[in-house]
Amino acid sequence: MYTQEASETGRPGAGKASVAGGDVPLVDPERRLGDASALAPEVRRAWRQVRERVVAESLMQVAQPGEERRPFPVLPMLAALHPEAEPELRRRVTGVVGCLEQLVRQYPADAELQEFLAVPPLLHRWIMEEPGGRELTIDYCRLDLLGSDLGDVRVLEFNPSSPGGVISSGMLTRFWRESSLGPVLADWAAPPAPFERHDWFARWLLEYGRERGVPDNGHPIGLYHASRSTRFELDQVQRQLSGCGREAMLMRPCEVGRADGVELGYFKFIPIELDEVPQWDRFCARLVEGTIVVPNRLGARWVAENKLCLAALSDPRFRRLFHGSDAAQLDTLVPYSRKLGDGIDEAEVIRRREELVLKAPYSFHGKDVHIGGEHDQRSWERVVSAPGHQGWLVQERLRAGALNAGDGTPYLHDLVVPVLGGRVIGYSSRANTGPLLNGAQGGGAYTLFSPHPLDDAAHSGGG
């Protein structure tokens with residue numbers, strides 16, 4: 001059974017009544033399977049097969065550097081999105097990514113936005129050197145959403161850097177289709193999503209380079225990462241590129257000189273540990289010059305990575321950056337979000353403890369997230385008043401969807417939507433017994449299928 005607590009938006013007039021189709025559930029009640037379903041034995045048998053594929057194809061869980069690598073966790077639960085909800089959800093998601101892209105394009109010329117986002121100077125320098133800021137695009141972005149129906153679903157955060165979870169989710173979706181449960185899933189008539197293809201990311205990256213003048217000369221592809229970055233996702237990208245007949249080199253940006261022939265790459269870096277950035281001048285200069293082509297150029301990535309973008313999308317002061325139709329999209333999908341000390345003060349955040357969450361502007365793996373309702377009043381006051389927390393994101397506490405796995409264990413789950421080249425390429429979900437759903441916090445994958453075709457013309461790599 002699936003249940004959902006009401007969302008506390010903190011916004012006047014917000015709620016299901018204000019959203020068209022608000023009571024339409026995100027998940028189709030007629031197309032979901034798990035231990036509580038009549039097909040539980042079949043689901044369990046297929047689940048064992050899926051886990052065997054996970055091990056055979058070295059699909060690994062997120063791990064911190066130095067931690068033991070374990071197989072990617074997959075839960076014996078799968079479902080399809082509701083056929084009425086999915087097209088509207090897709091429209092809203094692509095609309096809000098367009099609004100985020102508008103922030104990226106406005107940043108170089110808007111001093112108020114620059115001051116508000118407070119991008120670290122080491123990164124701001126390179127953003128301001130990017131040519132053609134008004135034409136910057138968000139080429140890839142993963143959205144994490146919470147909610148159970150169209151009325152309460154909201155975007156929790158954006159991630160324009162890390163493709164590993166999306167690659168893994170696409171592989172799992174394909175594994176379920178190819179398991180003994182395949183005939184049941186065929187009856188669901190849920191067409192394959194673009195991210196289920198075994199080589200989708202590699203084909204997209206190669207096509208991205210061709211469209212920007214990178215010749216097919218057989219030169220290696222650079223996969224760049226910080227020294228303390230998790231590498232599991234770049235391992236999967238390397239495998240995909242190898243399957244396409246291309247060599248890929250994993251390296252740190254400071255090592256760019258050892259691969260001068262590289263003209264195309266992918267750069268994975270969440271700006272939380274900045275001590276390495278001063279060593280990257282040559283690398284960053286080549287990205288800005290375009291002599292190395294990477295998706296999500298620096299001017300887009302280091303703005304869009306900042307969680308304070310959600311505050312800028314929510315705060316009325318920045319509605320001047322958007323057209324009327326954009327504002328309607330923001331009211332529908334973006335939760336109440338503010339910047340601590342510049343839009344909401346400590347006293348209000350302390351008073352609204354049960355309603356709010358505090359997050360660092362740059363963080364990952366569920367780190368630096370403080371949920372007010374998980375603190376008593378005194379500890380919450382200490383968290384909010386900590387000097388280093390001024391300027392952090394304050395966001396309404398969204399309520400995750402809830403489901404019963406059938407063994408009596410209640411799970412909370414989110415909805416993950418990757419957008420590539422402006423189009424949704426699949427759906428997935430992460431589930432956990434606690435409030436933090438990130439895979440690094442011990443959660444598992446709950447597989448979701450789209451009931452409608454997702455246009456993959458932009459991602460097919462020409463094939």
# chains A, B, ... in the order shown; residues from 1 in each chain; ligands from 1
>>> residues_around(residues="Asp139 of chain A", least_positions_apart="4", cutoff="7 Å", atoms="only C-alpha atoms", output="number ranges by chain")
A: 295-296, 420-421
>>> write_last_selection(atoms="all heavy atoms", output="tab-separated table (two decimals), in the first residue's frame")
chain	number	residue	atom	x	y	z
A	295	PRO	N	30.04	18.61	-21.75
A	295	PRO	CA	28.67	19.08	-21.47
A	295	PRO	C	28.63	19.88	-20.18
A	295	PRO	O	29.46	19.71	-19.29
A	295	PRO	CB	27.88	17.77	-21.34
A	295	PRO	CG	28.73	16.72	-21.97
A	295	PRO	CD	30.15	17.16	-21.76
A	296	ASN	N	27.61	20.72	-20.07
A	296	ASN	CA	27.45	21.59	-18.91
A	296	ASN	C	28.73	22.39	-18.68
A	296	ASN	O	29.52	22.12	-17.77
A	296	ASN	CB	27.08	20.81	-17.65
A	296	ASN	CG	25.65	20.31	-17.66
A	296	ASN	OD1	24.86	20.68	-18.52
A	296	ASN	ND2	25.30	19.49	-16.69
A	420	LEU	N	17.95	15.21	-20.40
A	420	LEU	CA	19.12	15.25	-21.28
A	420	LEU	C	18.74	16.03	-22.53
A	420	LEU	O	17.78	15.67	-23.22
A	420	LEU	CB	19.55	13.83	-21.64
A	420	LEU	CG	20.92	13.64	-22.26
A	420	LEU	CD1	22.01	13.87	-21.23
A	420	LEU	CD2	21.05	12.24	-22.85
A	421	GLY	N	19.47	17.11	-22.80
A	421	GLY	CA	19.15	17.90	-23.98
A	421	GLY	C	17.73	18.42	-23.99
A	421	GLY	O	17.13	18.55	-25.05
>>> residues_around(residues="Gly343 of chain A", least_positions_apart="3", cutoff="10 Å", atoms="only C-alpha atoms", output="count of residues only")
12
>>> atom_distance(atom1="atom CA of Val54 of chain A", atom2="atom CA of Pro71 of chain A")
6.6 Å
>>> closest_residue(among="A:Leu274, A:Ala248, A:Leu234, A:Ala402", to="Ile167 of chain A", atoms="only C-alpha atoms")
A:Leu234
>>> atom_distance(atom1="atom CA of Val119 of chain A", atom2="atom CA of Ser363 of chain A")
13.2 Å
>>> closest_residue(among="A:Ser180, A:Gln240, A:Thr94, A:Ser227", to="Asp275 of chain A", atoms="only C-alpha atoms")
A:Ser227
>>> residues_around(residues="Ala186 of chain A", least_positions_apart="4", cutoff="12 Å", atoms="only C-alpha atoms", output="number ranges by chain")
A: 31, 80, 176-182, 190-192, 449, 451
>>> select_by_dssp(residues="segment 199-401 of chain A", states="helix (DSSP H, G or I)", output="PyMOL selection string")
chain A and resi 200-211+232-243+253-259+277-289+298-304+308-314+316-321+324-333+346-351+353-355+372-374+377-385+387-389
>>> closest_atom_pairs(of="segment 292-376 of chain A", to="segment 256-266 of chain A", cutoff="8 Å", atoms="only C-alpha atoms", output="CSV")
residue,atom,partner,partner_atom,distance
A:Ile292,CA,A:Glu263,CA,4.4
A:Val293,CA,A:Leu264,CA,4.8
A:Val294,CA,A:Gly265,CA,5.1
A:Pro295,CA,A:Tyr266,CA,6.7
>>> write_last_selection(atoms="all heavy atoms", output="mmCIF file, in the first residue's frame")
data_model
loop_
_atom_site.group_PDB
_atom_site.id
_atom_site.type_symbol
_atom_site.label_atom_id
_atom_site.label_comp_id
_atom_site.auth_asym_id
_atom_site.auth_seq_id
_atom_site.Cartn_x
_atom_site.Cartn_y
_atom_site.Cartn_z
ATOM 1 N N ILE A 292 38.820 21.798 -25.149
ATOM 2 C CA ILE A 292 38.226 20.554 -24.635
ATOM 3 C C ILE A 292 36.739 20.833 -24.486
ATOM 4 O O ILE A 292 36.341 21.792 -23.813
ATOM 5 C CB ILE A 292 38.818 20.124 -23.284
ATOM 6 C CG1 ILE A 292 40.303 19.798 -23.411
ATOM 7 C CG2 ILE A 292 38.066 18.899 -22.754
ATOM 8 C CD1 ILE A 292 40.944 19.379 -22.096
ATOM 9 N N VAL A 293 35.932 20.014 -25.118
ATOM 10 C CA VAL A 293 34.476 20.178 -25.085
ATOM 11 C C VAL A 293 33.903 19.256 -24.027
ATOM 12 O O VAL A 293 34.176 18.049 -24.032
ATOM 13 C CB VAL A 293 33.865 19.863 -26.472
ATOM 14 C CG1 VAL A 293 32.345 19.811 -26.400
ATOM 15 C CG2 VAL A 293 34.331 20.900 -27.491
ATOM 16 N N VAL A 294 33.150 19.813 -23.091
ATOM 17 C CA VAL A 294 32.442 19.002 -22.096
ATOM 18 C C VAL A 294 31.005 19.498 -21.994
ATOM 19 O O VAL A 294 30.752 20.701 -22.134
ATOM 20 C CB VAL A 294 33.113 19.057 -20.699
ATOM 21 C CG1 VAL A 294 34.534 18.536 -20.754
ATOM 22 C CG2 VAL A 294 33.065 20.451 -20.124
ATOM 23 N N PRO A 295 30.044 18.614 -21.745
ATOM 24 C CA PRO A 295 28.674 19.076 -21.473
ATOM 25 C C PRO A 295 28.629 19.881 -20.180
ATOM 26 O O PRO A 295 29.456 19.714 -19.289
ATOM 27 C CB PRO A 295 27.882 17.768 -21.342
ATOM 28 C CG PRO A 295 28.733 16.719 -21.974
ATOM 29 C CD PRO A 295 30.149 17.156 -21.756
#
>>> residues_around(residues="Gln106 of chain A", least_positions_apart="2", cutoff="8 Å", atoms="only C-alpha atoms", output="list in words")
Gln102, Leu103, Val104, Pro108, Ala109, Asp110, Gly133, Arg134 and Leu321 of chain A
